[in-house]
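Down below is the structure, laid out as structure tokens.
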Amino acid sequence: MPDDIILLLRRAGFGPTAAEAGAARQLGYAAALSGVVAPAGPDVGATSAPVPDLGPDPFVRLARPTDAQRAEGDRRRTEQTVLLARWWLDRMTVADHQAVEKLVFFWHGHWATSVAKVRSPQLMLGQLRTFRESRDFAELAHRMVLDRALVYWLDGQHNKKAAPNENLARELFELFMLGVGQYSERDVKEAGRALTGWRVALDRETLISDPQHRDTGRKTILGTTTTFDARTLVDLLLRQPSCPRFIASRLWFRYASSTQPIPERTREAMAAAFPAPMAMLRALFEDEAFRATRGTMVKQPVEWLVGAMRNLGIRPAAMPEQVFTQIYWALEALGQRPFAPPSVGGWPAGATWLTSAAAQVRLKIASTLAGLLPPAPLTPEAVAHLLCVDRWTDRTYAALRDARDPRLTLTLGLSSPEYLVT
């Protein structure tokens, strides 16, 4: 049973500390699961990572910026984006309600939106607040279809009655709510009409309504004909039987296995708890099929980094600025920088992360983290306890035993298959 508890804590959050693992083992699986998906009281750890004040977007008052103003504005936006990422990585690390924080990270990959195109970190922070504040998937979907960052990312501000743009509608069907094969091209075109008439402005907290560009005519979507708009379109998609089953499958893909298909019984149990994501996760973690996925998930780079910082008691907020900046851009080299997914499909999963180039970058980050700790003797057994690894293979144990110094021992442990794969 202890193995199952460690599996739960690794998958539901970013990985337990040794103290958290010990406490969960004392509770047993059922009680530990309840504590994970229904945490009691406020998140005390998260309160030590208050949201930063980014200030206004540098381009708010620049209608026609000069080249010099544009360069300075881009520089400030980069600074604000790094500050935002540093705060979020810090909060992931110190949050006591790990499953809540992991779910926010899941939504970031699900409704994948990149600051590389959106440009404004203020819009990205607004989207992150929506992930955190929404009570369930129904509320989240209604808010996201009018989210400024997502609308800009998918060209929704160009979607007008006279020139419909289908990007947001297409991804709403395919990637966000229903999945492939659950709609027709006509459904996408008609849904695009339902989403016309919105504009993004950097100095507004919400989208601006443009009634003159809104298509108020009747549309036929998924067999229903009415004067659809953004709200009633989302209502229609939420009523589709494929919606809860699709969200269940996406949760399985990120929390259970990216290689094994979700069993039908598991999917139906999760779908029955829709639209409450924590209830859906409880159904997943209670299922024997979840425990059978041990050893099938490769940690995404952000999961690996945050888990390592939690294990070592290191906070991004406490790092020297130069060290954090080095780690931040190393995440880019690993292929997963916060707020910058490669496409609307989000980040890949599985063995994609296990390249030789990535291994070298991980070793460098692991060495940097190990170098932030005071020197102390470390045996392979001590490293296993610190990193909550059940056991080393003979090959890894030999490498740890023969390491020349404690920093190298810890670096190798953080980069080991036993730590990378859950």
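We name chains A, B, ... following the order of the structure tokens; residues begin at 1 in each chain, and ligands are numbered from 1 as shown.
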
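All residues within range 177-301 of chain A that the backbone DSSP calculation assigns to strand (DSSP E or B) are Trp198, Arg199, Ile208, Ser209, Lys219, Thr220, Ile221, Thr224, Thr225, Thr226 and Val298 of chain A.
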
How about saving the chosen residues, C-alpha atoms kept, as an mmCIF file, in the first residue's frame?
```cif
data_model
loop_
_atom_site.group_PDB
_atom_site.id
_atom_site.type_symbol
_atom_site.label_atom_id
_atom_site.label_comp_id
_atom_site.auth_asym_id
_atom_site.auth_seq_id
_atom_site.Cartn_x
_atom_site.Cartn_y
_atom_site.Cartn_z
ATOM 1 C CA TRP A 198 -15.974 40.367 -29.473
ATOM 2 C CA ARG A 199 -12.830 42.492 -29.252
ATOM 3 C CA ILE A 208 -15.456 44.375 -25.463
ATOM 4 C CA SER A 209 -18.782 43.622 -27.119
ATOM 5 C CA LYS A 219 -27.788 28.698 -36.482
ATOM 6 C CA THR A 220 -28.049 24.930 -36.552
ATOM 7 C CA ILE A 221 -25.425 23.246 -34.373
ATOM 8 C CA THR A 224 -30.308 22.154 -32.623
ATOM 9 C CA THR A 225 -31.487 25.359 -34.304
ATOM 10 C CA THR A 226 -31.722 28.661 -32.435
ATOM 11 C CA VAL A 298 7.126 10.352 -17.572
#
```

Can you pull out the residues contacting Lys117 in chain A? Cut-off 12 Å, using only C-alpha atoms, and skip same-chain residues under 6 positions away; I want them as a PDB file with N, CA and C atoms, in the first residue's frame.
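Written out: result35.pdb:
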```pdb
ATOM      1  N   LEU A 123      -2.796  39.450 -19.572  1.00  0.00           N
ATOM      2  CA  LEU A 123      -3.862  38.585 -20.082  1.00  0.00           C
ATOM      3  C   LEU A 123      -3.649  37.145 -19.637  1.00  0.00           C
ATOM      4  N   MET A 124      -2.406  36.704 -19.595  1.00  0.00           N
ATOM      5  CA  MET A 124      -2.118  35.335 -19.156  1.00  0.00           C
ATOM      6  C   MET A 124      -2.442  35.156 -17.675  1.00  0.00           C
ATOM      7  N   ALA A 149      -7.259  36.202 -23.263  1.00  0.00           N
ATOM      8  CA  ALA A 149      -6.054  35.584 -23.794  1.00  0.00           C
ATOM      9  C   ALA A 149      -6.391  34.505 -24.824  1.00  0.00           C
ATOM     10  N   LEU A 150      -7.375  33.658 -24.509  1.00  0.00           N
ATOM     11  CA  LEU A 150      -7.741  32.575 -25.430  1.00  0.00           C
ATOM     12  C   LEU A 150      -8.351  33.134 -26.716  1.00  0.00           C
ATOM     13  N   VAL A 151      -9.208  34.139 -26.587  1.00  0.00           N
ATOM     14  CA  VAL A 151      -9.837  34.739 -27.774  1.00  0.00           C
ATOM     15  C   VAL A 151      -8.764  35.353 -28.681  1.00  0.00           C
ATOM     16  N   TYR A 152      -7.806  36.042 -28.083  1.00  0.00           N
ATOM     17  CA  TYR A 152      -6.733  36.634 -28.894  1.00  0.00           C
ATOM     18  C   TYR A 152      -5.869  35.544 -29.523  1.00  0.00           C
ATOM     19  N   TRP A 153      -5.520  34.531 -28.751  1.00  0.00           N
ATOM     20  CA  TRP A 153      -4.682  33.415 -29.196  1.00  0.00           C
ATOM     21  C   TRP A 153      -5.286  32.724 -30.412  1.00  0.00           C
ATOM     22  N   LEU A 154      -6.617  32.596 -30.431  1.00  0.00           N
ATOM     23  CA  LEU A 154      -7.291  31.885 -31.511  1.00  0.00           C
ATOM     24  C   LEU A 154      -8.015  32.839 -32.472  1.00  0.00           C
ATOM     25  N   ASP A 155      -7.565  34.066 -32.515  1.00  0.00           N
ATOM     26  CA  ASP A 155      -8.029  35.044 -33.509  1.00  0.00           C
ATOM     27  C   ASP A 155      -9.502  35.377 -33.388  1.00  0.00           C
ATOM     28  N   PHE A 339       3.437  29.216 -19.515  1.00  0.00           N
ATOM     29  CA  PHE A 339       2.762  30.225 -20.327  1.00  0.00           C
ATOM     30  C   PHE A 339       3.189  30.200 -21.794  1.00  0.00           C
ATOM     31  N   ALA A 340       3.893  29.152 -22.209  1.00  0.00           N
ATOM     32  CA  ALA A 340       4.341  29.110 -23.602  1.00  0.00           C
ATOM     33  C   ALA A 340       4.212  27.716 -24.211  1.00  0.00           C
ATOM     34  N   PRO A 341       3.005  27.111 -24.201  1.00  0.00           N
ATOM     35  CA  PRO A 341       2.846  25.819 -24.876  1.00  0.00           C
ATOM     36  C   PRO A 341       3.128  25.968 -26.368  1.00  0.00           C
ATOM     37  N   PRO A 342       3.591  24.898 -27.015  1.00  0.00           N
ATOM     38  CA  PRO A 342       4.012  25.009 -28.420  1.00  0.00           C
ATOM     39  C   PRO A 342       2.874  25.202 -29.398  1.00  0.00           C
ATOM     40  N   SER A 343       1.677  24.808 -29.019  1.00  0.00           N
ATOM     41  CA  SER A 343       0.526  24.931 -29.909  1.00  0.00           C
ATOM     42  C   SER A 343      -0.742  24.846 -29.080  1.00  0.00           C
ATOM     43  N   VAL A 344      -1.896  25.026 -29.748  1.00  0.00           N
ATOM     44  CA  VAL A 344      -3.171  24.925 -29.052  1.00  0.00           C
ATOM     45  C   VAL A 344      -3.415  23.509 -28.552  1.00  0.00           C
TER      46      VAL A 344
END
```

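In this comparison, which uses only C-alpha atoms, the residue of A:Leu378, A:Ala308, A:Ala138, A:Met319 approaching Pro277 in chain A most closely is A:Ala138.
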
Go through range 63-161 of chain A and flag each residue having an atom no more than 10 Å from range 246-261 of chain A; for those, report the closest pair of atoms plus their distance in Å to one decimal, using only C-alpha atoms, ordered by chain and rising number, as a tab-separated table.
```
residue	atom	partner	partner_atom	distance
A:Lys102	CA	A:Tyr255	CA	9.8
A:Leu103	CA	A:Leu251	CA	9.4
A:Phe106	CA	A:Arg254	CA	7.6
A:Trp107	CA	A:Leu251	CA	9.9
A:Gly109	CA	A:Arg254	CA	9.6
A:His110	CA	A:Arg250	CA	8.1
A:Phe137	CA	A:Ile247	CA	9.0
```

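Nearest residue to Leu195 in chain A, choosing from A:Asn159, A:Gln212, A:Ser114, A:Thr17 and counting only C-alpha atoms: A:Asn159.
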
Query raised in the report: If you run DSSP on the backbone, which residues of range 77-274 of chain A are alpha helix (DSSP H), as a ChimeraX atom specification?
Result: /A:77-94,98-110,115-118,121-133,137-144,148-153,167-171,185-194,230-239,242-255,264-271

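Every protein or nucleic acid residue with an atom no more than 12 Å from Ala384 in chain A, counting only C-alpha atoms and leaving out same-chain residues fewer than 4 positions away, appears here: Thr17, Ala18, Asn311, Leu378, Thr379, Pro380, Cys388, Val389, Asp390, Arg391, Trp392, Thr393, Thr396, Tyr397, Leu400, Thr409, Leu410, Leu412, Gly413, Leu414, Ser416, Glu418 and Tyr419 of chain A.
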
Could those residues be written to a file, using C-alpha atoms, as a JSON list (two decimals), in the first residue's frame?
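Final file, part-v7.json:
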```
[["chain", "number", "residue", "atom", "x", "y", "z"],
["A", 17, "THR", "CA", 8.15, 15.76, 0.44],
["A", 18, "ALA", "CA", 9.51, 13.03, 2.71],
["A", 311, "ASN", "CA", 11.92, 17.58, -2.21],
["A", 378, "LEU", "CA", 24.42, 11.65, 1.18],
["A", 379, "THR", "CA", 24.14, 7.89, 0.79],
["A", 380, "PRO", "CA", 21.97, 6.30, -1.91],
["A", 388, "CYS", "CA", 10.54, 9.63, -2.03],
["A", 389, "VAL", "CA", 11.88, 6.91, -4.31],
["A", 390, "ASP", "CA", 10.87, 3.41, -3.21],
["A", 391, "ARG", "CA", 14.02, 1.68, -4.41],
["A", 392, "TRP", "CA", 16.89, 2.06, -6.85],
["A", 393, "THR", "CA", 17.73, -0.38, -9.59],
["A", 396, "THR", "CA", 21.32, 3.44, -10.40],
["A", 397, "TYR", "CA", 22.41, 2.33, -6.94],
["A", 400, "LEU", "CA", 24.96, 6.80, -6.69],
["A", 409, "THR", "CA", 24.99, 11.98, -5.79],
["A", 410, "LEU", "CA", 21.92, 14.20, -5.54],
["A", 412, "LEU", "CA", 22.23, 11.71, -10.34],
["A", 413, "GLY", "CA", 19.26, 10.86, -8.12],
["A", 414, "LEU", "CA", 17.21, 13.75, -9.51],
["A", 416, "SER", "CA", 17.46, 8.94, -12.52],
["A", 418, "GLU", "CA", 13.30, 6.06, -10.88],
["A", 419, "TYR", "CA", 12.65, 9.75, -10.25]]
```

Taking 3 positions as the minimum chain separation for residues in the same chain, which residues sit within 9 Å of Ala351 in chain A when counting only C-alpha atoms? Answer as a PDB file with N, CA and C atoms, in the first residue's frame.
```
ATOM      1  N   MET A 297       4.120   6.779 -16.566  1.00  0.00           N
ATOM      2  CA  MET A 297       4.079   8.228 -16.785  1.00  0.00           C
ATOM      3  C   MET A 297       5.469   8.842 -16.632  1.00  0.00           C
ATOM      4  N   VAL A 298       5.895   9.573 -17.648  1.00  0.00           N
ATOM      5  CA  VAL A 298       7.126  10.352 -17.572  1.00  0.00           C
ATOM      6  C   VAL A 298       6.764  11.754 -17.103  1.00  0.00           C
ATOM      7  N   PRO A 348       3.409  17.788 -25.311  1.00  0.00           N
ATOM      8  CA  PRO A 348       3.359  16.335 -25.497  1.00  0.00           C
ATOM      9  C   PRO A 348       3.471  15.609 -24.166  1.00  0.00           C
ATOM     10  N   LEU A 354      12.175  12.177 -23.036  1.00  0.00           N
ATOM     11  CA  LEU A 354      13.366  11.383 -22.692  1.00  0.00           C
ATOM     12  C   LEU A 354      14.383  11.352 -23.832  1.00  0.00           C
ATOM     13  N   THR A 355      14.783  12.521 -24.302  1.00  0.00           N
ATOM     14  CA  THR A 355      15.811  12.589 -25.328  1.00  0.00           C
ATOM     15  C   THR A 355      17.178  12.775 -24.669  1.00  0.00           C
TER      16      THR A 355
END
```

Test item: residues at most 12 Å from Ser184 in chain A, only C-alpha atoms, excluding those fewer than 6 positions along its chain, as an mmCIF file with N, CA and C atoms, in the first residue's frame:
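Listed below is the output, out29.cif:
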```cif
data_model
loop_
_atom_site.group_PDB
_atom_site.id
_atom_site.type_symbol
_atom_site.label_atom_id
_atom_site.label_comp_id
_atom_site.auth_asym_id
_atom_site.auth_seq_id
_atom_site.Cartn_x
_atom_site.Cartn_y
_atom_site.Cartn_z
ATOM 1 N N ALA A 169 -13.993 28.318 -32.472
ATOM 2 C CA ALA A 169 -15.075 27.329 -32.526
ATOM 3 C C ALA A 169 -14.524 25.928 -32.769
ATOM 4 N N ARG A 170 -13.575 25.806 -33.695
ATOM 5 C CA ARG A 170 -13.014 24.495 -34.021
ATOM 6 C C ARG A 170 -12.328 23.864 -32.805
ATOM 7 N N PHE A 173 -14.664 22.627 -30.038
ATOM 8 C CA PHE A 173 -15.197 21.291 -30.314
ATOM 9 C C PHE A 173 -14.119 20.220 -30.139
ATOM 10 N N GLU A 174 -12.994 20.396 -30.819
ATOM 11 C CA GLU A 174 -12.016 19.318 -30.952
ATOM 12 C C GLU A 174 -11.140 19.112 -29.728
ATOM 13 N N LEU A 178 -15.323 18.448 -26.709
ATOM 14 C CA LEU A 178 -15.974 17.246 -27.241
ATOM 15 C C LEU A 178 -15.010 16.179 -27.747
ATOM 16 N N GLU A 190 -21.087 27.025 -38.120
ATOM 17 C CA GLU A 190 -22.216 27.654 -37.430
ATOM 18 C C GLU A 190 -21.805 28.135 -36.037
ATOM 19 N N ALA A 191 -20.952 27.373 -35.362
ATOM 20 C CA ALA A 191 -20.463 27.789 -34.040
ATOM 21 C C ALA A 191 -19.590 29.031 -34.159
ATOM 22 N N THR A 220 -27.779 26.328 -36.869
ATOM 23 C CA THR A 220 -28.049 24.930 -36.552
ATOM 24 C C THR A 220 -26.737 24.262 -36.170
ATOM 25 N N ILE A 221 -26.651 23.839 -34.899
ATOM 26 C CA ILE A 221 -25.425 23.246 -34.373
ATOM 27 C C ILE A 221 -25.780 21.940 -33.665
ATOM 28 N N LEU A 222 -25.137 20.865 -34.083
ATOM 29 C CA LEU A 222 -25.367 19.547 -33.486
ATOM 30 C C LEU A 222 -26.864 19.209 -33.446
ATOM 31 N N GLY A 223 -27.541 19.577 -34.520
ATOM 32 C CA GLY A 223 -28.948 19.233 -34.651
ATOM 33 C C GLY A 223 -29.919 20.164 -33.970
#
```

Query raised in the report: To one decimal place, how far is CA of Ala359 in chain A from CA of Ala399 in chain A in Å?
Result: 15.8 Å

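Contact shell of range 84-95 of chain A at 8 Å (only C-alpha atoms; same-chain neighbours under 3 positions omitted): A:Phe14, A:Asp43, A:Val44, A:Gly45, A:Ala46, A:Ser48, A:Ala49, A:Pro50, A:Val51, A:Pro52, A:Leu54, A:Gln80, A:Thr81, A:Gln98, A:Glu101, A:Lys102, A:Pro121, A:Leu125, A:Val306, A:Gly307, A:Met309, A:Arg310, A:Arg315, A:Pro316, A:Ala317, A:Phe324, A:Pro338, A:Phe339.
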
Requested write-out: N, CA and C atoms of the selected residues, as a PDB file, in the first residue's frame:
```pdb
ATOM      1  N   PHE A  14       2.599  17.616  -7.400  1.00  0.00           N
ATOM      2  CA  PHE A  14       3.902  17.674  -8.053  1.00  0.00           C
ATOM      3  C   PHE A  14       4.938  16.789  -7.365  1.00  0.00           C
ATOM      4  N   ASP A  43      -5.157  27.290   2.088  1.00  0.00           N
ATOM      5  CA  ASP A  43      -3.832  26.812   1.698  1.00  0.00           C
ATOM      6  C   ASP A  43      -2.790  27.755   2.306  1.00  0.00           C
ATOM      7  N   VAL A  44      -2.288  27.368   3.472  1.00  0.00           N
ATOM      8  CA  VAL A  44      -1.352  28.234   4.193  1.00  0.00           C
ATOM      9  C   VAL A  44      -0.062  28.415   3.406  1.00  0.00           C
ATOM     10  N   GLY A  45       0.424  27.329   2.806  1.00  0.00           N
ATOM     11  CA  GLY A  45       1.662  27.433   2.048  1.00  0.00           C
ATOM     12  C   GLY A  45       1.542  28.422   0.906  1.00  0.00           C
ATOM     13  N   ALA A  46       0.418  28.387   0.215  1.00  0.00           N
ATOM     14  CA  ALA A  46       0.233  29.264  -0.945  1.00  0.00           C
ATOM     15  C   ALA A  46       0.188  30.731  -0.554  1.00  0.00           C
ATOM     16  N   SER A  48       2.127  32.241   1.260  1.00  0.00           N
ATOM     17  CA  SER A  48       3.488  32.799   1.288  1.00  0.00           C
ATOM     18  C   SER A  48       3.993  33.132  -0.107  1.00  0.00           C
ATOM     19  N   ALA A  49       3.152  32.924  -1.123  1.00  0.00           N
ATOM     20  CA  ALA A  49       3.512  33.265  -2.504  1.00  0.00           C
ATOM     21  C   ALA A  49       2.428  34.146  -3.096  1.00  0.00           C
ATOM     22  N   PRO A  50       2.324  35.400  -2.638  1.00  0.00           N
ATOM     23  CA  PRO A  50       1.266  36.293  -3.130  1.00  0.00           C
ATOM     24  C   PRO A  50       1.463  36.627  -4.607  1.00  0.00           C
ATOM     25  N   VAL A  51       0.357  36.876  -5.280  1.00  0.00           N
ATOM     26  CA  VAL A  51       0.395  37.213  -6.704  1.00  0.00           C
ATOM     27  C   VAL A  51       1.186  38.509  -6.899  1.00  0.00           C
ATOM     28  N   PRO A  52       2.122  38.539  -7.824  1.00  0.00           N
ATOM     29  CA  PRO A  52       2.915  39.753  -8.019  1.00  0.00           C
ATOM     30  C   PRO A  52       2.110  40.854  -8.692  1.00  0.00           C
ATOM     31  N   LEU A  54       2.143  43.053 -11.528  1.00  0.00           N
ATOM     32  CA  LEU A  54       2.860  43.190 -12.791  1.00  0.00           C
ATOM     33  C   LEU A  54       2.880  44.626 -13.290  1.00  0.00           C
ATOM     34  N   GLN A  80       8.086  41.009 -17.213  1.00  0.00           N
ATOM     35  CA  GLN A  80       6.841  40.693 -16.521  1.00  0.00           C
ATOM     36  C   GLN A  80       6.480  39.216 -16.670  1.00  0.00           C
ATOM     37  N   THR A  81       6.751  38.640 -17.832  1.00  0.00           N
ATOM     38  CA  THR A  81       6.460  37.221 -18.057  1.00  0.00           C
ATOM     39  C   THR A  81       7.342  36.346 -17.184  1.00  0.00           C
ATOM     40  N   GLN A  98      -1.798  20.553  -3.034  1.00  0.00           N
ATOM     41  CA  GLN A  98      -1.064  20.220  -4.251  1.00  0.00           C
ATOM     42  C   GLN A  98      -1.979  19.825  -5.403  1.00  0.00           C
ATOM     43  N   GLU A 101      -3.294  22.910  -7.142  1.00  0.00           N
ATOM     44  CA  GLU A 101      -2.282  23.559  -7.979  1.00  0.00           C
ATOM     45  C   GLU A 101      -1.999  22.745  -9.230  1.00  0.00           C
ATOM     46  N   LYS A 102      -1.978  21.423  -9.087  1.00  0.00           N
ATOM     47  CA  LYS A 102      -1.744  20.563 -10.250  1.00  0.00           C
ATOM     48  C   LYS A 102      -2.908  20.670 -11.243  1.00  0.00           C
ATOM     49  N   PRO A 121       1.496  39.549 -20.562  1.00  0.00           N
ATOM     50  CA  PRO A 121       1.448  38.695 -19.363  1.00  0.00           C
ATOM     51  C   PRO A 121       0.238  38.986 -18.493  1.00  0.00           C
ATOM     52  N   LEU A 125      -2.141  36.163 -16.864  1.00  0.00           N
ATOM     53  CA  LEU A 125      -2.489  36.100 -15.442  1.00  0.00           C
ATOM     54  C   LEU A 125      -3.996  36.052 -15.258  1.00  0.00           C
ATOM     55  N   VAL A 306       9.386  21.232 -10.303  1.00  0.00           N
ATOM     56  CA  VAL A 306       8.677  21.611  -9.081  1.00  0.00           C
ATOM     57  C   VAL A 306       8.805  20.512  -8.033  1.00  0.00           C
ATOM     58  N   GLY A 307       8.682  19.246  -8.461  1.00  0.00           N
ATOM     59  CA  GLY A 307       8.860  18.148  -7.515  1.00  0.00           C
ATOM     60  C   GLY A 307      10.243  18.154  -6.897  1.00  0.00           C
ATOM     61  N   MET A 309      12.242  20.755  -6.461  1.00  0.00           N
ATOM     62  CA  MET A 309      12.356  21.878  -5.530  1.00  0.00           C
ATOM     63  C   MET A 309      11.603  21.591  -4.241  1.00  0.00           C
ATOM     64  N   ARG A 310      10.464  20.921  -4.335  1.00  0.00           N
ATOM     65  CA  ARG A 310       9.734  20.545  -3.124  1.00  0.00           C
ATOM     66  C   ARG A 310      10.551  19.562  -2.287  1.00  0.00           C
ATOM     67  N   ARG A 315      12.991  27.246  -2.968  1.00  0.00           N
ATOM     68  CA  ARG A 315      11.942  28.067  -3.541  1.00  0.00           C
ATOM     69  C   ARG A 315      12.488  28.957  -4.656  1.00  0.00           C
ATOM     70  N   PRO A 316      11.793  29.041  -5.775  1.00  0.00           N
ATOM     71  CA  PRO A 316      12.201  29.996  -6.810  1.00  0.00           C
ATOM     72  C   PRO A 316      12.300  31.421  -6.286  1.00  0.00           C
ATOM     73  N   ALA A 317      11.380  31.797  -5.393  1.00  0.00           N
ATOM     74  CA  ALA A 317      11.376  33.161  -4.870  1.00  0.00           C
ATOM     75  C   ALA A 317      12.645  33.479  -4.084  1.00  0.00           C
ATOM     76  N   PHE A 324      17.648  31.757 -11.041  1.00  0.00           N
ATOM     77  CA  PHE A 324      16.306  31.470 -11.545  1.00  0.00           C
ATOM     78  C   PHE A 324      16.221  31.696 -13.049  1.00  0.00           C
ATOM     79  N   PRO A 338       6.534  27.654 -18.673  1.00  0.00           N
ATOM     80  CA  PRO A 338       5.185  28.085 -18.300  1.00  0.00           C
ATOM     81  C   PRO A 338       4.715  29.252 -19.153  1.00  0.00           C
ATOM     82  N   PHE A 339       3.437  29.216 -19.515  1.00  0.00           N
ATOM     83  CA  PHE A 339       2.762  30.225 -20.327  1.00  0.00           C
ATOM     84  C   PHE A 339       3.189  30.200 -21.794  1.00  0.00           C
TER      85      PHE A 339
END
```
